[in-house]
>>> print(open('run17.pdb').read())   # PDB, C-alpha atoms, pLDDT in the B column
ATOM      1  CA  MET A 700     108.432  72.081  87.724  1.00 88.00           C
ATOM      2  CA  TYR A 701     104.888  72.943  86.728  1.00 96.00           C
ATOM      3  CA  THR A 702     101.492  72.263  88.226  1.00 97.00           C
ATOM      4  CA  THR A 703      98.111  72.301  86.544  1.00 98.00           C
ATOM      5  CA  ARG A 704      94.763  73.308  87.932  1.00 98.00           C
ATOM      6  CA  PRO A 705      91.310  74.394  86.830  1.00 98.00           C
ATOM      7  CA  ALA A 706      91.339  78.088  86.066  1.00 98.00           C
ATOM      8  CA  VAL A 707      89.422  80.502  88.274  1.00 98.00           C
ATOM      9  CA  ALA A 708      87.866  83.840  87.392  1.00 97.00           C
ATOM     10  CA  GLU A 709      90.984  85.651  88.633  1.00 98.00           C
ATOM     11  CA  ASP A 710      92.899  83.973  85.777  1.00 98.00           C
ATOM     12  CA  ALA A 711      90.731  85.662  83.137  1.00 98.00           C
ATOM     13  CA  GLU A 712      93.182  88.506  82.539  1.00 98.00           C
ATOM     14  CA  VAL A 713      96.166  86.253  81.797  1.00 98.00           C
ATOM     15  CA  ILE A 714      94.014  83.906  79.704  1.00 98.00           C
ATOM     16  CA  THR A 715      92.828  86.902  77.693  1.00 98.00           C
ATOM     17  CA  ARG A 716      96.437  88.028  77.129  1.00 98.00           C
ATOM     18  CA  PHE A 717      97.457  84.512  76.117  1.00 98.00           C
ATOM     19  CA  ASN A 718      94.553  84.213  73.662  1.00 98.00           C
ATOM     20  CA  GLN A 719      95.488  87.558  72.113  1.00 98.00           C
ATOM     21  CA  ALA A 720      99.104  86.414  71.737  1.00 97.00           C
ATOM     22  CA  MET A 721      98.080  83.020  70.338  1.00 95.00           C
ATOM     23  CA  ALA A 722      95.835  84.566  67.671  1.00 95.00           C
ATOM     24  CA  MET A 723      98.601  86.903  66.561  1.00 95.00           C
ATOM     25  CA  GLU A 724     101.280  84.216  66.624  1.00 93.00           C
ATOM     26  CA  THR A 725      99.370  81.477  64.817  1.00 89.00           C
ATOM     27  CA  GLU A 726      97.071  83.412  62.485  1.00 89.00           C
ATOM     28  CA  GLY A 727      98.391  86.962  62.387  1.00 93.00           C
ATOM     29  CA  LYS A 728      95.063  88.149  63.808  1.00 93.00           C
ATOM     30  CA  ALA A 729      94.619  91.002  66.234  1.00 96.00           C
ATOM     31  CA  LEU A 730      91.484  90.157  68.195  1.00 96.00           C
ATOM     32  CA  ASP A 731      89.199  92.859  69.516  1.00 96.00           C
ATOM     33  CA  PRO A 732      90.283  93.115  73.177  1.00 96.00           C
ATOM     34  CA  GLU A 733      86.827  93.872  74.592  1.00 97.00           C
ATOM     35  CA  THR A 734      85.149  91.041  72.690  1.00 97.00           C
ATOM     36  CA  LEU A 735      87.895  88.651  73.744  1.00 97.00           C
ATOM     37  CA  LYS A 736      87.653  89.742  77.378  1.00 98.00           C
ATOM     38  CA  ARG A 737      83.873  89.178  77.356  1.00 98.00           C
ATOM     39  CA  GLY A 738      84.322  85.781  75.672  1.00 98.00           C
ATOM     40  CA  VAL A 739      86.810  84.570  78.259  1.00 98.00           C
ATOM     41  CA  ARG A 740      84.671  85.845  81.148  1.00 98.00           C
ATOM     42  CA  ARG A 741      81.615  84.117  79.723  1.00 98.00           C
ATOM     43  CA  VAL A 742      83.277  80.710  80.157  1.00 98.00           C
ATOM     44  CA  PHE A 743      83.557  81.418  83.875  1.00 98.00           C
ATOM     45  CA  ASP A 744      80.046  82.879  84.084  1.00 98.00           C
ATOM     46  CA  GLU A 745      78.381  80.138  82.014  1.00 97.00           C
ATOM     47  CA  PRO A 746      80.267  76.854  82.533  1.00 95.00           C
ATOM     48  CA  THR A 747      78.180  75.018  79.928  1.00 96.00           C
ATOM     49  CA  HIS A 748      80.406  76.773  77.366  1.00 97.00           C
ATOM     50  CA  GLY A 749      83.540  75.042  78.628  1.00 97.00           C
ATOM     51  CA  GLN A 750      86.305  75.235  81.173  1.00 98.00           C
ATOM     52  CA  TYR A 751      89.878  76.462  81.295  1.00 98.00           C
ATOM     53  CA  LEU A 752      92.907  74.746  82.745  1.00 98.00           C
ATOM     54  CA  VAL A 753      96.139  76.558  83.524  1.00 98.00           C
ATOM     55  CA  ALA A 754      99.715  75.569  84.271  1.00 98.00           C
ATOM     56  CA  GLN A 755     101.787  77.414  86.844  1.00 98.00           C
ATOM     57  CA  ASN A 756     105.520  77.549  87.436  1.00 97.00           C
ATOM     58  CA  ASP A 757     107.146  77.123  90.856  1.00 96.00           C
ATOM     59  CA  SER A 758     106.526  80.755  91.756  1.00 96.00           C
ATOM     60  CA  GLY A 759     102.808  80.421  90.999  1.00 96.00           C
ATOM     61  CA  ALA A 760     102.792  82.424  87.773  1.00 98.00           C
ATOM     62  CA  VAL A 761     100.404  81.129  85.110  1.00 98.00           C
ATOM     63  CA  VAL A 762     102.534  80.146  82.116  1.00 98.00           C
ATOM     64  CA  ALA A 763     100.033  78.235  79.945  1.00 98.00           C
ATOM     65  CA  CYS A 764      96.350  77.659  79.418  1.00 98.00           C
ATOM     66  CA  LEU A 765      93.843  75.754  77.379  1.00 98.00           C
ATOM     67  CA  MET A 766      90.087  75.576  77.127  1.00 98.00           C
ATOM     68  CA  ILE A 767      87.921  72.482  76.956  1.00 98.00           C
ATOM     69  CA  THR A 768      84.598  72.673  75.107  1.00 98.00           C
ATOM     70  CA  TYR A 769      82.029  69.935  74.788  1.00 97.00           C
ATOM     71  CA  GLU A 770      80.533  68.082  71.835  1.00 97.00           C
ATOM     72  CA  TRP A 771      77.807  65.495  72.252  1.00 97.00           C
ATOM     73  CA  SER A 772      78.318  62.297  70.240  1.00 96.00           C
ATOM     74  CA  ASP A 773      75.056  60.489  69.664  1.00 97.00           C
ATOM     75  CA  TRP A 774      77.036  57.720  67.961  1.00 96.00           C
ATOM     76  CA  ARG A 775      78.908  57.041  71.191  1.00 96.00           C
ATOM     77  CA  ASP A 776      76.359  58.274  73.747  1.00 97.00           C
ATOM     78  CA  ALA A 777      79.092  60.319  75.383  1.00 97.00           C
ATOM     79  CA  GLN A 778      80.909  63.634  75.185  1.00 97.00           C
ATOM     80  CA  VAL A 779      83.912  64.406  73.035  1.00 98.00           C
ATOM     81  CA  TRP A 780      86.049  67.162  74.496  1.00 98.00           C
ATOM     82  CA  TRP A 781      87.621  69.738  72.221  1.00 98.00           C
ATOM     83  CA  ILE A 782      90.899  71.264  73.341  1.00 98.00           C
ATOM     84  CA  GLN A 783      91.037  74.897  72.266  1.00 97.00           C
ATOM     85  CA  SER A 784      92.822  78.161  72.964  1.00 96.00           C
ATOM     86  CA  VAL A 785      96.092  76.408  73.738  1.00 97.00           C
ATOM     87  CA  TYR A 786      98.913  78.742  74.660  1.00 97.00           C
ATOM     88  CA  VAL A 787     102.240  78.218  76.384  1.00 97.00           C
ATOM     89  CA  ASP A 788     104.360  81.251  77.168  1.00 97.00           C
ATOM     90  CA  PRO A 789     107.369  81.127  74.812  1.00 97.00           C
ATOM     91  CA  THR A 790     109.895  80.946  77.680  1.00 96.00           C
ATOM     92  CA  HIS A 791     108.224  77.741  78.926  1.00 97.00           C
ATOM     93  CA  ARG A 792     107.841  75.880  75.643  1.00 95.00           C
ATOM     94  CA  ARG A 793     109.450  72.508  74.992  1.00 93.00           C
ATOM     95  CA  LYS A 794     109.554  71.839  78.750  1.00 96.00           C
ATOM     96  CA  GLY A 795     106.585  69.478  79.037  1.00 95.00           C
ATOM     97  CA  VAL A 796     104.019  72.091  80.044  1.00 97.00           C
ATOM     98  CA  PHE A 797     101.477  71.169  77.378  1.00 96.00           C
ATOM     99  CA  LYS A 798     102.038  67.484  78.109  1.00 96.00           C
ATOM    100  CA  GLN A 799     101.034  68.106  81.724  1.00 97.00           C
ATOM    101  CA  LEU A 800      97.973  70.118  80.687  1.00 98.00           C
ATOM    102  CA  TYR A 801      96.951  67.404  78.230  1.00 98.00           C
ATOM    103  CA  GLN A 802      97.308  64.743  80.925  1.00 97.00           C
ATOM    104  CA  ALA A 803      95.139  66.842  83.227  1.00 98.00           C
ATOM    105  CA  VAL A 804      92.493  67.008  80.483  1.00 98.00           C
ATOM    106  CA  ARG A 805      92.673  63.227  80.066  1.00 98.00           C
ATOM    107  CA  ASP A 806      92.388  62.665  83.818  1.00 98.00           C
ATOM    108  CA  LEU A 807      89.324  64.926  84.074  1.00 98.00           C
ATOM    109  CA  GLY A 808      87.829  63.330  80.978  1.00 98.00           C
ATOM    110  CA  GLU A 809      88.289  59.844  82.387  1.00 97.00           C
ATOM    111  CA  GLN A 810      86.349  60.864  85.488  1.00 97.00           C
ATOM    112  CA  ALA A 811      83.614  62.428  83.330  1.00 97.00           C
ATOM    113  CA  GLY A 812      83.218  59.442  80.985  1.00 97.00           C
ATOM    114  CA  VAL A 813      84.480  61.286  77.922  1.00 98.00           C
ATOM    115  CA  CYS A 814      84.804  59.101  74.814  1.00 97.00           C
ATOM    116  CA  GLY A 815      87.468  61.128  72.979  1.00 96.00           C
ATOM    117  CA  TYR A 816      89.477  64.302  72.587  1.00 98.00           C
ATOM    118  CA  ARG A 817      89.833  66.526  69.556  1.00 97.00           C
ATOM    119  CA  LEU A 818      91.597  69.706  68.636  1.00 95.00           C
ATOM    120  CA  TYR A 819      92.332  71.634  65.533  1.00 91.00           C
ATOM    121  CA  VAL A 820      95.699  73.014  64.575  1.00 91.00           C
ATOM    122  CA  GLU A 821      96.879  75.417  61.924  1.00 88.00           C
ATOM    123  CA  ARG A 822      97.864  73.561  58.767  1.00 89.00           C
ATOM    124  CA  ASP A 823     101.398  74.999  58.797  1.00 88.00           C
ATOM    125  CA  ASN A 824     102.091  74.584  62.525  1.00 88.00           C
ATOM    126  CA  ALA A 825     104.341  71.529  62.207  1.00 91.00           C
ATOM    127  CA  ARG A 826     105.790  71.881  65.700  1.00 90.00           C
ATOM    128  CA  ALA A 827     102.353  71.727  67.350  1.00 91.00           C
ATOM    129  CA  GLN A 828     101.309  68.832  65.119  1.00 93.00           C
ATOM    130  CA  GLN A 829     104.396  66.886  66.161  1.00 94.00           C
ATOM    131  CA  THR A 830     103.653  67.589  69.824  1.00 93.00           C
ATOM    132  CA  TYR A 831     100.128  66.225  69.473  1.00 95.00           C
ATOM    133  CA  GLU A 832     101.358  63.151  67.638  1.00 95.00           C
ATOM    134  CA  ASP A 833     104.013  62.559  70.291  1.00 95.00           C
ATOM    135  CA  LEU A 834     101.194  62.473  72.851  1.00 95.00           C
ATOM    136  CA  GLY A 835      99.385  59.740  70.933  1.00 95.00           C
ATOM    137  CA  MET A 836      96.882  61.843  69.008  1.00 96.00           C
ATOM    138  CA  ARG A 837      96.459  61.167  65.331  1.00 96.00           C
ATOM    139  CA  ARG A 838      95.400  63.250  62.370  1.00 94.00           C
ATOM    140  CA  ALA A 839      91.642  62.892  61.837  1.00 93.00           C
ATOM    141  CA  ASP A 840      90.071  61.898  58.547  1.00 91.00           C
ATOM    142  CA  TYR A 841      87.841  64.977  58.489  1.00 90.00           C
ATOM    143  CA  LEU A 842      88.247  68.359  56.853  1.00 88.00           C
ATOM    144  CA  MET A 843      86.770  71.337  58.628  1.00 88.00           C
ATOM    145  CA  TYR A 844      84.387  73.791  56.987  1.00 92.00           C
ATOM    146  CA  GLU A 845      82.990  76.910  58.565  1.00 91.00           C
ATOM    147  CA  ALA A 846      80.635  79.790  57.998  1.00 95.00           C
ATOM    148  CA  LEU A 847      81.409  82.595  60.392  1.00 91.00           C
ATOM    149  CA  LYS A 848      79.547  85.835  60.802  1.00 89.00           C
ATOM    150  CA  GLY A 849      81.795  88.816  60.219  1.00 72.00           C
TER     151      GLY A 849
END
>>> encode(input="run17.pdb", output="C-alpha cells")
Amino acid sequence: MYTTRPAVAEDAEVITRFNQAMAMETEGKALDPETLKRGVRRVFDEPTHGQYLVAQNDSGAVVACLMITYEWSDWRDAQVWWIQSVYVDPTHRRKGVFKQLYQAVRDLGEQAGVCGYRLYVERDNARAQQTYEDLGMRRADYLMYEALKG
C-alpha cells in the first residue's frame, strides 16, 4: 500500500536523486548534480515555482515523486497545472503508485479551482503514454517548441 503527501524540504535529497535517475533513464542525460540540487531546493524556498508530491510505501520510504508547476490561462481565467519530474522507483512501478499521485494532484487541483492538467512525455516512451491514457488523459493537439540557453 502507498500513501501520498505534499513533499517537505527533507525530501529534497530523494527528489534530487529521482530527478537524476529520470533524466538518465528517459533522455540519457546526466544532469549537473549541484544545479539540480539548487533547482529542487528552490521549489521549497520559492513556492510560486511549484510544489512536489511524493508517494511512500508502508515503511515510510519515498518511492515516487512529481512536481506541479503553474500556467495561467487567460482563456479560462484559471490555472492549468503541469505535471513534471515524474519518477517512480523501478521496484514500485506498475503497482498503481503514479495513479495515486495523479489522483492526489486532481484532488488538490479541484480544491484550487484548476481548469486542467498537462504534462509532456518523451515521444518514444510508449509505456508512460499508455499510463496517462489509461488515467483519462488524451494526447494534445499541440507540438512543443523550445529555445533553451546552453
>>> closest_residue(input="run17.pdb", among="A:Tyr769, A:Tyr841, A:Tyr819, A:Tyr786", to="A:Ala720", atoms="only C-alpha atoms")
A:Tyr786
>>> closest_residue(input="run17.pdb", among="A:Val707, A:Ala729, A:Ala846, A:Val813", to="A:Trp780", atoms="all atoms listed in the file")
A:Val813
>>> closest_residue(input="run17.pdb", among="A:Leu818, A:Asp823, A:Asp788, A:Gly812", to="A:Gln755", atoms="all atoms listed in the file")
A:Asp788
>>> closest_residue(input="run17.pdb", among="A:Lys848, A:Arg792, A:Arg805, A:Arg838", to="A:Arg826", atoms="only C-alpha atoms")
A:Arg792
>>> residues_around(input="run17.pdb", residues="A:Arg822", least_positions_apart="3", cutoff="12 Å", atoms="all atoms listed in the file", output="count of residues only")
11
>>> build_atoms(input="run17.pdb", residues="stretch 708-728 of chain A", atoms="N, CA, C and O atoms", output="PDB file, in the frame of the given file")
ATOM      1  N   ALA A 708      88.189  82.552  88.017  1.00 97.00           N
ATOM      2  CA  ALA A 708      87.866  83.840  87.392  1.00 97.00           C
ATOM      3  C   ALA A 708      89.031  84.827  87.463  1.00 97.00           C
ATOM      4  O   ALA A 708      89.212  85.644  86.556  1.00 97.00           O
ATOM      5  N   GLU A 709      89.843  84.747  88.499  1.00 98.00           N
ATOM      6  CA  GLU A 709      90.984  85.651  88.633  1.00 98.00           C
ATOM      7  C   GLU A 709      92.048  85.407  87.564  1.00 98.00           C
ATOM      8  O   GLU A 709      92.939  86.234  87.364  1.00 98.00           O
ATOM      9  N   ASP A 710      91.966  84.272  86.866  1.00 98.00           N
ATOM     10  CA  ASP A 710      92.899  83.973  85.777  1.00 98.00           C
ATOM     11  C   ASP A 710      92.459  84.571  84.444  1.00 98.00           C
ATOM     12  O   ASP A 710      93.184  84.481  83.450  1.00 98.00           O
ATOM     13  N   ALA A 711      91.282  85.182  84.409  1.00 98.00           N
ATOM     14  CA  ALA A 711      90.731  85.662  83.137  1.00 98.00           C
ATOM     15  C   ALA A 711      91.653  86.639  82.428  1.00 98.00           C
ATOM     16  O   ALA A 711      91.780  86.599  81.198  1.00 98.00           O
ATOM     17  N   GLU A 712      92.313  87.505  83.170  1.00 98.00           N
ATOM     18  CA  GLU A 712      93.182  88.506  82.539  1.00 98.00           C
ATOM     19  C   GLU A 712      94.356  87.852  81.809  1.00 98.00           C
ATOM     20  O   GLU A 712      94.657  88.188  80.664  1.00 98.00           O
ATOM     21  N   VAL A 713      95.030  86.908  82.451  1.00 98.00           N
ATOM     22  CA  VAL A 713      96.166  86.253  81.797  1.00 98.00           C
ATOM     23  C   VAL A 713      95.688  85.371  80.645  1.00 98.00           C
ATOM     24  O   VAL A 713      96.336  85.303  79.597  1.00 98.00           O
ATOM     25  N   ILE A 714      94.551  84.721  80.798  1.00 98.00           N
ATOM     26  CA  ILE A 714      94.014  83.906  79.704  1.00 98.00           C
ATOM     27  C   ILE A 714      93.694  84.801  78.504  1.00 98.00           C
ATOM     28  O   ILE A 714      93.984  84.440  77.360  1.00 98.00           O
ATOM     29  N   THR A 715      93.131  85.956  78.765  1.00 98.00           N
ATOM     30  CA  THR A 715      92.828  86.902  77.693  1.00 98.00           C
ATOM     31  C   THR A 715      94.112  87.319  76.975  1.00 98.00           C
ATOM     32  O   THR A 715      94.169  87.333  75.742  1.00 98.00           O
ATOM     33  N   ARG A 716      95.147  87.651  77.735  1.00 98.00           N
ATOM     34  CA  ARG A 716      96.437  88.028  77.129  1.00 98.00           C
ATOM     35  C   ARG A 716      97.003  86.878  76.305  1.00 98.00           C
ATOM     36  O   ARG A 716      97.511  87.081  75.197  1.00 98.00           O
ATOM     37  N   PHE A 717      96.938  85.672  76.840  1.00 98.00           N
ATOM     38  CA  PHE A 717      97.457  84.512  76.117  1.00 98.00           C
ATOM     39  C   PHE A 717      96.672  84.267  74.832  1.00 98.00           C
ATOM     40  O   PHE A 717      97.252  83.950  73.794  1.00 98.00           O
ATOM     41  N   ASN A 718      95.352  84.414  74.877  1.00 98.00           N
ATOM     42  CA  ASN A 718      94.553  84.213  73.662  1.00 98.00           C
ATOM     43  C   ASN A 718      94.897  85.264  72.609  1.00 98.00           C
ATOM     44  O   ASN A 718      94.971  84.948  71.414  1.00 98.00           O
ATOM     45  N   GLN A 719      95.100  86.496  73.041  1.00 98.00           N
ATOM     46  CA  GLN A 719      95.488  87.558  72.113  1.00 98.00           C
ATOM     47  C   GLN A 719      96.830  87.216  71.463  1.00 98.00           C
ATOM     48  O   GLN A 719      96.995  87.330  70.240  1.00 98.00           O
ATOM     49  N   ALA A 720      97.786  86.769  72.260  1.00 97.00           N
ATOM     50  CA  ALA A 720      99.104  86.414  71.737  1.00 97.00           C
ATOM     51  C   ALA A 720      99.020  85.212  70.803  1.00 97.00           C
ATOM     52  O   ALA A 720      99.672  85.181  69.750  1.00 97.00           O
ATOM     53  N   MET A 721      98.217  84.219  71.171  1.00 95.00           N
ATOM     54  CA  MET A 721      98.080  83.020  70.338  1.00 95.00           C
ATOM     55  C   MET A 721      97.486  83.358  68.972  1.00 95.00           C
ATOM     56  O   MET A 721      97.970  82.891  67.945  1.00 95.00           O
ATOM     57  N   ALA A 722      96.461  84.191  68.944  1.00 95.00           N
ATOM     58  CA  ALA A 722      95.835  84.566  67.671  1.00 95.00           C
ATOM     59  C   ALA A 722      96.822  85.299  66.766  1.00 95.00           C
ATOM     60  O   ALA A 722      96.863  85.064  65.554  1.00 95.00           O
ATOM     61  N   MET A 723      97.619  86.171  67.353  1.00 95.00           N
ATOM     62  CA  MET A 723      98.601  86.903  66.561  1.00 95.00           C
ATOM     63  C   MET A 723      99.704  85.966  66.077  1.00 95.00           C
ATOM     64  O   MET A 723     100.097  85.994  64.903  1.00 95.00           O
ATOM     65  N   GLU A 724     100.178  85.112  66.955  1.00 93.00           N
ATOM     66  CA  GLU A 724     101.280  84.216  66.624  1.00 93.00           C
ATOM     67  C   GLU A 724     100.895  83.177  65.573  1.00 93.00           C
ATOM     68  O   GLU A 724     101.663  82.902  64.665  1.00 93.00           O
ATOM     69  N   THR A 725      99.726  82.586  65.706  1.00 89.00           N
ATOM     70  CA  THR A 725      99.370  81.477  64.817  1.00 89.00           C
ATOM     71  C   THR A 725      98.640  81.913  63.558  1.00 89.00           C
ATOM     72  O   THR A 725      98.733  81.241  62.537  1.00 89.00           O
ATOM     73  N   GLU A 726      97.884  83.016  63.632  1.00 89.00           N
ATOM     74  CA  GLU A 726      97.071  83.412  62.485  1.00 89.00           C
ATOM     75  C   GLU A 726      97.305  84.843  62.035  1.00 89.00           C
ATOM     76  O   GLU A 726      96.668  85.302  61.088  1.00 89.00           O
ATOM     77  N   GLY A 727      98.167  85.567  62.736  1.00 93.00           N
ATOM     78  CA  GLY A 727      98.391  86.962  62.387  1.00 93.00           C
ATOM     79  C   GLY A 727      97.169  87.825  62.611  1.00 93.00           C
ATOM     80  O   GLY A 727      97.003  88.850  61.947  1.00 93.00           O
ATOM     81  N   LYS A 728      96.301  87.429  63.556  1.00 93.00           N
ATOM     82  CA  LYS A 728      95.063  88.149  63.808  1.00 93.00           C
ATOM     83  C   LYS A 728      95.151  88.929  65.114  1.00 93.00           C
ATOM     84  O   LYS A 728      95.538  88.387  66.144  1.00 93.00           O
TER      85      LYS A 728
END
